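Structure first, commentary second.
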Amino acid sequence: MTDSKTWAQPVNPLQSPRFGDVATFNRLPYVPDFKGKSVDVAILGIPYDGGTTYRPGARFAPRAVRDASVLNRNYNPHVGVHVFERLNVVDAGDVAVNPIQIQKTLGAIEKRMTEIHEAGARTVCVGGDHSVLLGELRAVHRKFGQPVLIHFDAHNDTGDEAWGEKYHHGTPIRRAIEEGLVSGDRIFQIGVRGPMTSPSQDDYQRQQGIHVLDIDLFQDTAKRELFFEQIHRVAGKSPCFITFDVDGVDPAFAPGTGTPVVGGLTSREALACVRRLKGLHIVGADVVEISPPFDQSDLTSLLGAALVFEFLSLMAIGT
Ligand code: MN
Ligand code: MN
């Protein structure tokens with residue numbers, strides 16, 4: 001957190017209406033180079049969807065979320081924080097991805113995030129399909145060590161090879177564990193549901209000690225509360241990373257996504273869950289799998305923009 005007065009403020013809508021100007025995340029200054037500037041959090045787009053296995057389109061999410069985020073404001077009454085009085089937040093632009101080469105893209109994500117970390121800032125990333133998480137976690141691990149990972153998703157993302165490829169949006173959690181970036185017993189998954197390939201699909205989660213609050217457990221208020229208490233107990237003051245696959249939310253609320261699964265969280269439940277993480281030391285966060293070509297009335301992009309604001313709020317409180 002900066003000691004001096006914060007300088008990075010959203011454009012005042014009474015001076016220039018929300019529908020005008022060039023869209024940046026939350027109408028914040030576009031600052032790709034931090035030299036000579038004190039930045040606390042960089043919002044970073046990752047326009048990559050080469051890791052999708054079904055419907056593509058997440059490469060268009062950073063632009064769509066920038067547009068939707070013009071409705072974001074400054075003060076969060078639910079957790080009681082005026083974000084931009086506590087943090088200098090900027091739009092750092094997008095990672096220069098390689099749209100047809102996943103390894104080069106993962107490398108570019110790690111490099112860009114490391115630059116931002118070295119400048120003393122944290123990141124909130126807007127993907128991109130969920131394969132981008134591996135690049136993010138490589139950078140986070142380099143800077144902060146193994147984080148506690150809070151993972152919203154309809155899927156576990158612990159799959160293995162598909163069509164002979166180890167890296168795609170169904171495998172980032174397994175690959176991150178293999179690379180030692182995060183430990184299974186410090187991963188908390190929320191919203192998992194739907195049919196599996198076989199009964200043994202859960203074996204990996206059990207072997208690794210991954211904590212899973214599936215949608216049935218989520219609906220049990222007492223069990224849900226215990227799960228969140230456990231997150232706080234395990235995390236304490238240690239670094240935490242939130243990865244939010246928007247398909248954790250029901251496609252009735254978030255239709256613009258590549259691998260929808262019915263029967264998920266409502267938007268309000270999702271926001272409440274994120275607010276329940278208040279007090280944790282959040283060193284990074286993302287929202288991924290928003291696919292604007294499949295969206296309706298910008299619902300999914302609006303949810304993505306709202307989640308970005310909630311992540312910033314947690315960062316403003318938990319530093
Ligand atoms: Mn998913
Ligand atoms: Mn996912």
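Numbering starts fresh at 1 for the residues of each chain in the structure tokens, the chains themselves are lettered A, B, ... in the order given, and ligands are numbered from 1 as they appear.
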
**Request:** Residues up to 7 Å from ligand 2, counting only C-alpha atoms and all ligand atoms: could you list those as a ChimeraX atom specification?
**Result:** /A:130,153,155-157,169-170,245

Include N, CA, C and O atoms and write out the residues we just selected as a PDB file, in the first residue's frame.
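Saved as result_24.pdb:
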ATOM      1  N   HIS A 130      -8.481 -21.167 -19.089  1.00  0.00           N
ATOM      2  CA  HIS A 130      -7.862 -21.462 -17.793  1.00  0.00           C
ATOM      3  C   HIS A 130      -6.432 -21.986 -17.900  1.00  0.00           C
ATOM      4  O   HIS A 130      -5.735 -22.078 -16.891  1.00  0.00           O
ATOM      5  N   ASP A 153     -14.780 -23.019  -9.860  1.00  0.00           N
ATOM      6  CA  ASP A 153     -14.847 -23.711 -11.150  1.00  0.00           C
ATOM      7  C   ASP A 153     -15.939 -24.776 -11.094  1.00  0.00           C
ATOM      8  O   ASP A 153     -16.227 -25.333 -10.028  1.00  0.00           O
ATOM      9  N   HIS A 155     -15.246 -27.340 -12.834  1.00  0.00           N
ATOM     10  CA  HIS A 155     -14.339 -28.459 -13.112  1.00  0.00           C
ATOM     11  C   HIS A 155     -13.158 -28.434 -12.158  1.00  0.00           C
ATOM     12  O   HIS A 155     -12.793 -27.374 -11.649  1.00  0.00           O
ATOM     13  N   ASN A 156     -12.534 -29.598 -11.928  1.00  0.00           N
ATOM     14  CA  ASN A 156     -11.348 -29.657 -11.074  1.00  0.00           C
ATOM     15  C   ASN A 156     -10.087 -29.177 -11.798  1.00  0.00           C
ATOM     16  O   ASN A 156      -9.110 -28.797 -11.159  1.00  0.00           O
ATOM     17  N   ASP A 157     -10.088 -29.253 -13.119  1.00  0.00           N
ATOM     18  CA  ASP A 157      -8.901 -28.872 -13.908  1.00  0.00           C
ATOM     19  C   ASP A 157      -7.655 -29.652 -13.513  1.00  0.00           C
ATOM     20  O   ASP A 157      -6.532 -29.132 -13.560  1.00  0.00           O
ATOM     21  N   HIS A 169      -6.695 -26.210 -21.104  1.00  0.00           N
ATOM     22  CA  HIS A 169      -7.423 -25.583 -19.983  1.00  0.00           C
ATOM     23  C   HIS A 169      -8.023 -26.592 -18.998  1.00  0.00           C
ATOM     24  O   HIS A 169      -8.572 -26.180 -17.975  1.00  0.00           O
ATOM     25  N   GLY A 170      -7.866 -27.882 -19.267  1.00  0.00           N
ATOM     26  CA  GLY A 170      -8.328 -28.885 -18.307  1.00  0.00           C
ATOM     27  C   GLY A 170      -7.240 -29.430 -17.397  1.00  0.00           C
ATOM     28  O   GLY A 170      -7.515 -30.303 -16.567  1.00  0.00           O
ATOM     29  N   ASP A 245     -12.720 -19.375 -12.497  1.00  0.00           N
ATOM     30  CA  ASP A 245     -13.255 -19.803 -13.792  1.00  0.00           C
ATOM     31  C   ASP A 245     -14.745 -19.469 -13.770  1.00  0.00           C
ATOM     32  O   ASP A 245     -15.499 -19.960 -12.921  1.00  0.00           O
TER      33      ASP A 245
END

**Message:** Which residues are close to segment 221-230 of chain A, i.e. within 9 Å by only C-alpha atoms, leaving aside same-chain residues fewer than 3 positions away? Reply as a PyMOL selection string.
**Reply:** chain A and resi 188+211-213+217-218+233-235+273+276-277

**Message:** Please determine, counting only C-alpha atoms and all ligand atoms, which residue among A:Thr158, A:Lys166, A:His232, A:Ala252 has the shortest atom-to-atom distance to ligand 1.
**Reply:** A:Thr158

For the contact check between chain A and ligand 1, emit one row per residue of chain A within 12 Å, containing the shortest atom pair and the distance in Å rounded to one decimal, counting only C-alpha atoms and all ligand atoms, chain then rising number order, as CSV.
residue,atom,partner,partner_atom_place_in_ligand_line,distance
A:Thr52,CA,ligand 1,1 (Mn),10.3
A:Thr53,CA,ligand 1,1 (Mn),11.0
A:Tyr54,CA,ligand 1,1 (Mn),11.1
A:Arg55,CA,ligand 1,1 (Mn),11.9
A:Asp129,CA,ligand 1,1 (Mn),9.1
A:His130,CA,ligand 1,1 (Mn),7.6
A:Ser131,CA,ligand 1,1 (Mn),10.6
A:His151,CA,ligand 1,1 (Mn),10.0
A:Phe152,CA,ligand 1,1 (Mn),8.3
A:Asp153,CA,ligand 1,1 (Mn),4.8
A:Ala154,CA,ligand 1,1 (Mn),4.8
A:His155,CA,ligand 1,1 (Mn),4.6
A:Asn156,CA,ligand 1,1 (Mn),7.5
A:Asp157,CA,ligand 1,1 (Mn),7.1
A:Thr158,CA,ligand 1,1 (Mn),10.8
A:Gly159,CA,ligand 1,1 (Mn),11.5
A:His168,CA,ligand 1,1 (Mn),11.8
A:His169,CA,ligand 1,1 (Mn),8.2
A:Gly170,CA,ligand 1,1 (Mn),7.7
A:Thr171,CA,ligand 1,1 (Mn),10.7
A:Pro172,CA,ligand 1,1 (Mn),11.1
A:Ile173,CA,ligand 1,1 (Mn),11.7
A:Gln189,CA,ligand 1,1 (Mn),11.1
A:Ile190,CA,ligand 1,1 (Mn),10.9
A:Gly191,CA,ligand 1,1 (Mn),9.5
A:Val192,CA,ligand 1,1 (Mn),8.4
A:Arg193,CA,ligand 1,1 (Mn),9.7
A:Gly194,CA,ligand 1,1 (Mn),10.7
A:Thr243,CA,ligand 1,1 (Mn),10.8
A:Phe244,CA,ligand 1,1 (Mn),8.9
A:Asp245,CA,ligand 1,1 (Mn),5.5
A:Val246,CA,ligand 1,1 (Mn),7.1
A:Asp247,CA,ligand 1,1 (Mn),5.0
A:Gly248,CA,ligand 1,1 (Mn),6.3
A:Val249,CA,ligand 1,1 (Mn),9.4
A:Asp250,CA,ligand 1,1 (Mn),11.0
A:Pro251,CA,ligand 1,1 (Mn),11.3
A:Ala254,CA,ligand 1,1 (Mn),11.9
A:Thr257,CA,ligand 1,1 (Mn),8.8
A:Gly258,CA,ligand 1,1 (Mn),8.3
A:Thr259,CA,ligand 1,1 (Mn),6.3
A:Pro260,CA,ligand 1,1 (Mn),7.4
A:Val261,CA,ligand 1,1 (Mn),8.1
A:Val262,CA,ligand 1,1 (Mn),11.5
A:Gly264,CA,ligand 1,1 (Mn),11.0
A:Val287,CA,ligand 1,1 (Mn),11.1
A:Val288,CA,ligand 1,1 (Mn),8.9
A:Glu289,CA,ligand 1,1 (Mn),7.3
A:Ile290,CA,ligand 1,1 (Mn),10.3

Can you write just those residues out, N, CA and C atoms, as a CSV table (one decimal), in the first residue's frame?
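Writing done, so here's again_0.csv:
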chain,number,residue,atom,x,y,z
A,52,THR,N,-8.4,-24.0,-25.2
A,52,THR,CA,-9.7,-24.5,-25.0
A,52,THR,C,-9.9,-25.8,-25.7
A,53,THR,N,-10.8,-26.6,-25.2
A,53,THR,CA,-11.1,-27.9,-25.8
A,53,THR,C,-12.5,-28.0,-26.4
A,54,TYR,N,-13.3,-26.9,-26.2
A,54,TYR,CA,-14.7,-26.9,-26.7
A,54,TYR,C,-14.9,-25.6,-27.4
A,55,ARG,N,-15.8,-24.7,-26.8
A,55,ARG,CA,-16.1,-23.5,-27.5
A,55,ARG,C,-15.0,-22.4,-27.3
A,129,ASP,N,-8.4,-18.4,-21.5
A,129,ASP,CA,-8.9,-19.7,-21.0
A,129,ASP,C,-8.1,-20.1,-19.8
A,130,HIS,N,-8.5,-21.2,-19.1
A,130,HIS,CA,-7.9,-21.5,-17.8
A,130,HIS,C,-6.4,-22.0,-17.9
A,131,SER,N,-6.0,-22.3,-19.1
A,131,SER,CA,-4.6,-22.8,-19.3
A,131,SER,C,-3.6,-21.7,-18.8
A,151,HIS,N,-9.9,-21.7,-5.8
A,151,HIS,CA,-10.2,-22.0,-7.2
A,151,HIS,C,-11.7,-22.2,-7.3
A,152,PHE,N,-12.4,-21.3,-8.0
A,152,PHE,CA,-13.8,-21.4,-8.3
A,152,PHE,C,-13.9,-22.0,-9.7
A,153,ASP,N,-14.8,-23.0,-9.9
A,153,ASP,CA,-14.8,-23.7,-11.1
A,153,ASP,C,-15.9,-24.8,-11.1
A,154,ALA,N,-16.5,-25.1,-12.3
A,154,ALA,CA,-17.4,-26.3,-12.3
A,154,ALA,C,-16.5,-27.5,-12.5
A,155,HIS,N,-15.2,-27.3,-12.8
A,155,HIS,CA,-14.3,-28.5,-13.1
A,155,HIS,C,-13.2,-28.4,-12.2
A,156,ASN,N,-12.5,-29.6,-11.9
A,156,ASN,CA,-11.3,-29.7,-11.1
A,156,ASN,C,-10.1,-29.2,-11.8
A,157,ASP,N,-10.1,-29.3,-13.1
A,157,ASP,CA,-8.9,-28.9,-13.9
A,157,ASP,C,-7.7,-29.7,-13.5
A,158,THR,N,-7.9,-30.9,-13.1
A,158,THR,CA,-6.8,-31.8,-12.8
A,158,THR,C,-6.6,-32.9,-13.8
A,159,GLY,N,-7.1,-32.7,-15.0
A,159,GLY,CA,-7.1,-33.7,-16.1
A,159,GLY,C,-5.6,-33.9,-16.6
A,168,HIS,N,-3.4,-27.7,-21.6
A,168,HIS,CA,-4.7,-27.1,-22.1
A,168,HIS,C,-5.5,-26.7,-20.9
A,169,HIS,N,-6.7,-26.2,-21.1
A,169,HIS,CA,-7.4,-25.6,-20.0
A,169,HIS,C,-8.0,-26.6,-19.0
A,170,GLY,N,-7.9,-27.9,-19.3
A,170,GLY,CA,-8.3,-28.9,-18.3
A,170,GLY,C,-7.2,-29.4,-17.4
A,171,THR,N,-6.0,-28.9,-17.5
A,171,THR,CA,-4.9,-29.5,-16.8
A,171,THR,C,-4.1,-28.6,-15.9
A,172,PRO,N,-4.4,-27.3,-15.8
A,172,PRO,CA,-3.4,-26.4,-15.1
A,172,PRO,C,-3.2,-26.8,-13.6
A,173,ILE,N,-4.2,-27.3,-12.9
A,173,ILE,CA,-4.0,-27.6,-11.5
A,173,ILE,C,-3.0,-28.8,-11.4
A,189,GLN,N,-11.2,-25.9,-3.8
A,189,GLN,CA,-12.0,-25.7,-5.0
A,189,GLN,C,-13.5,-25.6,-4.7
A,190,ILE,N,-14.2,-24.7,-5.3
A,190,ILE,CA,-15.6,-24.3,-5.0
A,190,ILE,C,-16.4,-24.3,-6.3
A,191,GLY,N,-17.6,-25.1,-6.2
A,191,GLY,CA,-18.5,-25.0,-7.3
A,191,GLY,C,-18.5,-26.2,-8.3
A,192,VAL,N,-17.6,-27.2,-7.9
A,192,VAL,CA,-17.4,-28.3,-8.8
A,192,VAL,C,-18.7,-29.1,-8.9
A,193,ARG,N,-19.0,-29.6,-10.2
A,193,ARG,CA,-20.3,-30.3,-10.4
A,193,ARG,C,-20.3,-31.0,-11.7
A,194,GLY,N,-21.3,-31.7,-11.9
A,194,GLY,CA,-21.6,-32.3,-13.3
A,194,GLY,C,-21.0,-33.7,-13.5
A,243,THR,N,-8.2,-18.0,-8.3
A,243,THR,CA,-8.5,-18.2,-9.7
A,243,THR,C,-10.0,-18.5,-9.9
A,244,PHE,N,-10.6,-17.7,-10.7
A,244,PHE,CA,-12.1,-17.7,-10.8
A,244,PHE,C,-12.4,-18.1,-12.3
A,245,ASP,N,-12.7,-19.4,-12.5
A,245,ASP,CA,-13.3,-19.8,-13.8
A,245,ASP,C,-14.7,-19.5,-13.8
A,246,VAL,N,-15.2,-18.6,-14.7
A,246,VAL,CA,-16.5,-18.1,-14.7
A,246,VAL,C,-17.6,-19.2,-14.9
A,247,ASP,N,-17.2,-20.4,-15.3
A,247,ASP,CA,-18.1,-21.5,-15.5
A,247,ASP,C,-18.5,-22.1,-14.1
A,248,GLY,N,-17.8,-21.6,-13.0
A,248,GLY,CA,-18.3,-22.0,-11.7
A,248,GLY,C,-19.7,-21.5,-11.4
A,249,VAL,N,-20.0,-20.3,-12.1
A,249,VAL,CA,-21.3,-19.7,-12.0
A,249,VAL,C,-22.2,-20.4,-13.0
A,250,ASP,N,-23.5,-20.5,-12.7
A,250,ASP,CA,-24.5,-21.1,-13.6
A,250,ASP,C,-24.6,-20.4,-14.9
A,251,PRO,N,-24.7,-21.2,-16.0
A,251,PRO,CA,-24.8,-20.5,-17.3
A,251,PRO,C,-26.0,-19.6,-17.5
A,254,ALA,N,-24.1,-16.7,-16.3
A,254,ALA,CA,-22.8,-16.5,-17.1
A,254,ALA,C,-22.8,-17.4,-18.3
A,257,THR,N,-19.4,-18.5,-21.9
A,257,THR,CA,-18.2,-19.3,-21.5
A,257,THR,C,-18.1,-20.5,-22.4
A,258,GLY,N,-16.9,-21.1,-22.4
A,258,GLY,CA,-16.6,-22.2,-23.4
A,258,GLY,C,-17.1,-23.6,-23.0
A,259,THR,N,-17.2,-23.9,-21.7
A,259,THR,CA,-17.5,-25.2,-21.3
A,259,THR,C,-18.6,-25.2,-20.2
A,260,PRO,N,-19.8,-24.7,-20.6
A,260,PRO,CA,-20.8,-24.5,-19.6
A,260,PRO,C,-21.3,-25.8,-18.9
A,261,VAL,N,-21.6,-25.7,-17.6
A,261,VAL,CA,-22.2,-26.8,-16.9
A,261,VAL,C,-23.4,-26.2,-16.1
A,262,VAL,N,-24.6,-26.8,-16.3
A,262,VAL,CA,-25.8,-26.2,-15.6
A,262,VAL,C,-25.7,-26.6,-14.1
A,264,GLY,N,-25.1,-24.4,-11.4
A,264,GLY,CA,-24.0,-23.8,-10.6
A,264,GLY,C,-24.4,-22.7,-9.7
A,287,VAL,N,-9.8,-13.8,-13.4
A,287,VAL,CA,-11.0,-14.3,-13.8
A,287,VAL,C,-10.8,-14.8,-15.2
A,288,VAL,N,-11.2,-16.0,-15.5
A,288,VAL,CA,-10.9,-16.7,-16.8
A,288,VAL,C,-12.2,-17.3,-17.4
A,289,GLU,N,-12.0,-17.7,-18.6
A,289,GLU,CA,-13.0,-18.5,-19.4
A,289,GLU,C,-14.3,-17.7,-19.7
A,290,ILE,N,-14.2,-16.4,-19.8
A,290,ILE,CA,-15.3,-15.5,-20.3
A,290,ILE,C,-15.1,-15.6,-21.8

**Complete:** atom CA of Lys35 of chain A to atom CA of Ala306 of chain A measures 28.9 Å

Extract, using only C-alpha atoms, all DNA, RNA and protein residues at most 10 Å from segment 109-112 of chain A, discarding same-chain residues fewer than 5 positions from it, and format them as a PDB file with C-alpha atoms, in the first residue's frame.
ATOM      1  CA  LEU A  44      -3.538  -7.341 -16.884  1.00  0.00           C
ATOM      2  CA  GLY A  45      -5.371  -8.849 -19.854  1.00  0.00           C
ATOM      3  CA  ILE A  46      -4.375 -12.270 -21.211  1.00  0.00           C
ATOM      4  CA  ALA A  92      -1.244  -2.519 -17.571  1.00  0.00           C
ATOM      5  CA  ASP A  94      -2.385  -7.153 -22.265  1.00  0.00           C
ATOM      6  CA  VAL A  95       0.252  -9.871 -22.251  1.00  0.00           C
ATOM      7  CA  ALA A  96       1.755 -10.234 -25.744  1.00  0.00           C
ATOM      8  CA  VAL A  97       0.538 -13.794 -26.221  1.00  0.00           C
ATOM      9  CA  GLN A 103       4.320 -22.747 -24.291  1.00  0.00           C
ATOM     10  CA  LYS A 104       5.380 -19.373 -25.680  1.00  0.00           C
ATOM     11  CA  HIS A 117       6.194  -8.166  -9.377  1.00  0.00           C
ATOM     12  CA  GLU A 118       9.718  -6.737  -9.602  1.00  0.00           C
ATOM     13  CA  CYS A 125      -5.496 -10.983 -14.585  1.00  0.00           C
ATOM     14  CA  VAL A 132      -3.136 -19.284 -18.533  1.00  0.00           C
ATOM     15  CA  LEU A 133      -3.218 -20.110 -14.811  1.00  0.00           C
ATOM     16  CA  LEU A 134      -0.031 -22.171 -15.127  1.00  0.00           C
ATOM     17  CA  GLY A 135       1.954 -19.179 -16.412  1.00  0.00           C
ATOM     18  CA  GLU A 136       0.501 -17.006 -13.653  1.00  0.00           C
ATOM     19  CA  LEU A 137       1.378 -19.519 -10.925  1.00  0.00           C
ATOM     20  CA  ARG A 138       4.950 -19.863 -12.207  1.00  0.00           C
ATOM     21  CA  ALA A 139       5.391 -16.113 -11.685  1.00  0.00           C
ATOM     22  CA  VAL A 140       3.555 -16.105  -8.343  1.00  0.00           C
ATOM     23  CA  ARG A 142       8.888 -17.270  -8.111  1.00  0.00           C
TER      24      ARG A 142
END

What's the 9 Å shell around Thr123 of chain A, counting only C-alpha atoms, without same-chain residues fewer than 5 positions away, as a PDB file with all heavy atoms, in the first residue's frame?
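Result written to part16.pdb:
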ATOM      1  N   ASP A  40       0.440  -0.276  -7.096  1.00  0.00           N
ATOM      2  CA  ASP A  40       0.156  -1.360  -6.150  1.00  0.00           C
ATOM      3  C   ASP A  40      -0.410  -2.596  -6.851  1.00  0.00           C
ATOM      4  O   ASP A  40      -0.065  -3.721  -6.513  1.00  0.00           O
ATOM      5  CB  ASP A  40      -0.840  -0.891  -5.085  1.00  0.00           C
ATOM      6  CG  ASP A  40      -0.289   0.256  -4.268  1.00  0.00           C
ATOM      7  OD1 ASP A  40       0.788   0.077  -3.665  1.00  0.00           O
ATOM      8  OD2 ASP A  40      -0.907   1.333  -4.248  1.00  0.00           O
ATOM      9  N   VAL A  41      -1.337  -2.374  -7.765  1.00  0.00           N
ATOM     10  CA  VAL A  41      -1.972  -3.501  -8.466  1.00  0.00           C
ATOM     11  C   VAL A  41      -2.097  -3.158  -9.948  1.00  0.00           C
ATOM     12  O   VAL A  41      -2.556  -2.071 -10.305  1.00  0.00           O
ATOM     13  CB  VAL A  41      -3.378  -3.817  -7.898  1.00  0.00           C
ATOM     14  CG1 VAL A  41      -3.975  -5.036  -8.611  1.00  0.00           C
ATOM     15  CG2 VAL A  41      -3.338  -4.071  -6.394  1.00  0.00           C
ATOM     16  N   ALA A  42      -1.702  -4.115 -10.771  1.00  0.00           N
ATOM     17  CA  ALA A  42      -1.856  -3.980 -12.225  1.00  0.00           C
ATOM     18  C   ALA A  42      -2.955  -4.922 -12.680  1.00  0.00           C
ATOM     19  O   ALA A  42      -2.912  -6.123 -12.369  1.00  0.00           O
ATOM     20  CB  ALA A  42      -0.549  -4.334 -12.920  1.00  0.00           C
ATOM     21  N   ILE A  43      -3.932  -4.397 -13.396  1.00  0.00           N
ATOM     22  CA  ILE A  43      -4.916  -5.273 -14.042  1.00  0.00           C
ATOM     23  C   ILE A  43      -4.367  -5.582 -15.427  1.00  0.00           C
ATOM     24  O   ILE A  43      -4.000  -4.686 -16.182  1.00  0.00           O
ATOM     25  CB  ILE A  43      -6.308  -4.615 -14.126  1.00  0.00           C
ATOM     26  CG1 ILE A  43      -6.717  -4.047 -12.752  1.00  0.00           C
ATOM     27  CG2 ILE A  43      -7.343  -5.640 -14.594  1.00  0.00           C
ATOM     28  CD1 ILE A  43      -8.054  -3.320 -12.761  1.00  0.00           C
ATOM     29  N   LEU A  44      -4.280  -6.885 -15.705  1.00  0.00           N
ATOM     30  CA  LEU A  44      -3.538  -7.341 -16.884  1.00  0.00           C
ATOM     31  C   LEU A  44      -4.423  -8.272 -17.708  1.00  0.00           C
ATOM     32  O   LEU A  44      -4.943  -9.266 -17.180  1.00  0.00           O
ATOM     33  CB  LEU A  44      -2.292  -8.091 -16.374  1.00  0.00           C
ATOM     34  CG  LEU A  44      -1.294  -8.622 -17.379  1.00  0.00           C
ATOM     35  CD1 LEU A  44      -0.640  -7.485 -18.153  1.00  0.00           C
ATOM     36  CD2 LEU A  44      -0.222  -9.443 -16.638  1.00  0.00           C
ATOM     37  N   MET A 113       4.334 -10.959 -15.802  1.00  0.00           N
ATOM     38  CA  MET A 113       3.959 -10.865 -14.386  1.00  0.00           C
ATOM     39  C   MET A 113       5.183 -10.665 -13.507  1.00  0.00           C
ATOM     40  O   MET A 113       5.138  -9.941 -12.504  1.00  0.00           O
ATOM     41  CB  MET A 113       3.171 -12.106 -13.957  1.00  0.00           C
ATOM     42  CG  MET A 113       1.706 -12.017 -14.367  1.00  0.00           C
ATOM     43  SD  MET A 113       0.725 -13.429 -13.826  1.00  0.00           S
ATOM     44  CE  MET A 113       0.888 -13.371 -12.046  1.00  0.00           C
ATOM     45  N   ILE A 116       6.127  -7.122 -13.445  1.00  0.00           N
ATOM     46  CA  ILE A 116       5.206  -6.361 -12.589  1.00  0.00           C
ATOM     47  C   ILE A 116       5.541  -6.602 -11.117  1.00  0.00           C
ATOM     48  O   ILE A 116       5.584  -5.661 -10.316  1.00  0.00           O
ATOM     49  CB  ILE A 116       3.747  -6.752 -12.928  1.00  0.00           C
ATOM     50  CG1 ILE A 116       3.386  -6.218 -14.325  1.00  0.00           C
ATOM     51  CG2 ILE A 116       2.772  -6.239 -11.872  1.00  0.00           C
ATOM     52  CD1 ILE A 116       2.077  -6.750 -14.883  1.00  0.00           C
ATOM     53  N   HIS A 117       5.814  -7.862 -10.762  1.00  0.00           N
ATOM     54  CA  HIS A 117       6.194  -8.166  -9.377  1.00  0.00           C
ATOM     55  C   HIS A 117       7.475  -7.429  -8.986  1.00  0.00           C
ATOM     56  O   HIS A 117       7.600  -6.910  -7.878  1.00  0.00           O
ATOM     57  CB  HIS A 117       6.398  -9.675  -9.205  1.00  0.00           C
ATOM     58  CG  HIS A 117       5.124 -10.460  -9.272  1.00  0.00           C
ATOM     59  ND1 HIS A 117       5.088 -11.779  -9.658  1.00  0.00           N
ATOM     60  CD2 HIS A 117       3.846 -10.126  -8.987  1.00  0.00           C
ATOM     61  CE1 HIS A 117       3.834 -12.219  -9.619  1.00  0.00           C
ATOM     62  NE2 HIS A 117       3.063 -11.231  -9.219  1.00  0.00           N
ATOM     63  N   VAL A 283      -2.264 -12.158  -3.030  1.00  0.00           N
ATOM     64  CA  VAL A 283      -1.108 -11.674  -3.808  1.00  0.00           C
ATOM     65  C   VAL A 283      -1.393 -11.678  -5.309  1.00  0.00           C
ATOM     66  O   VAL A 283      -0.582 -11.197  -6.103  1.00  0.00           O
ATOM     67  CB  VAL A 283       0.165 -12.493  -3.508  1.00  0.00           C
ATOM     68  CG1 VAL A 283       0.555 -12.351  -2.042  1.00  0.00           C
ATOM     69  CG2 VAL A 283      -0.009 -13.962  -3.884  1.00  0.00           C
ATOM     70  N   GLY A 284      -2.524 -12.216  -5.700  1.00  0.00           N
ATOM     71  CA  GLY A 284      -2.894 -12.210  -7.121  1.00  0.00           C
ATOM     72  C   GLY A 284      -4.241 -12.871  -7.293  1.00  0.00           C
ATOM     73  O   GLY A 284      -4.698 -13.609  -6.416  1.00  0.00           O
ATOM     74  N   ALA A 285      -4.868 -12.579  -8.434  1.00  0.00           N
ATOM     75  CA  ALA A 285      -6.185 -13.162  -8.712  1.00  0.00           C
ATOM     76  C   ALA A 285      -6.407 -13.130 -10.206  1.00  0.00           C
ATOM     77  O   ALA A 285      -5.740 -12.382 -10.937  1.00  0.00           O
ATOM     78  CB  ALA A 285      -7.279 -12.368  -7.990  1.00  0.00           C
ATOM     79  N   ASP A 286      -7.335 -13.968 -10.649  1.00  0.00           N
ATOM     80  CA  ASP A 286      -7.735 -13.880 -12.051  1.00  0.00           C
ATOM     81  C   ASP A 286      -9.203 -14.239 -12.202  1.00  0.00           C
ATOM     82  O   ASP A 286      -9.815 -14.835 -11.315  1.00  0.00           O
ATOM     83  CB  ASP A 286      -6.865 -14.777 -12.957  1.00  0.00           C
ATOM     84  CG  ASP A 286      -7.093 -16.276 -12.767  1.00  0.00           C
ATOM     85  OD1 ASP A 286      -8.188 -16.685 -12.345  1.00  0.00           O
ATOM     86  OD2 ASP A 286      -6.167 -17.052 -13.073  1.00  0.00           O
TER      87      ASP A 286
END

**Item:** Distance of atom CA of Ala68 of chain A from atom CA of Thr300 of chain A, expressed in Å to one decimal place
**Value:** 9.2 Å

**Request:** Run DSSP on the backbone and give me the residues of segment 23-247 of chain A it puts in alpha helix (DSSP H), as a PyMOL selection string.
**Result:** chain A and resi 61-68+83-86+102-118+132-144+172-178+203-208+215-219+221-235
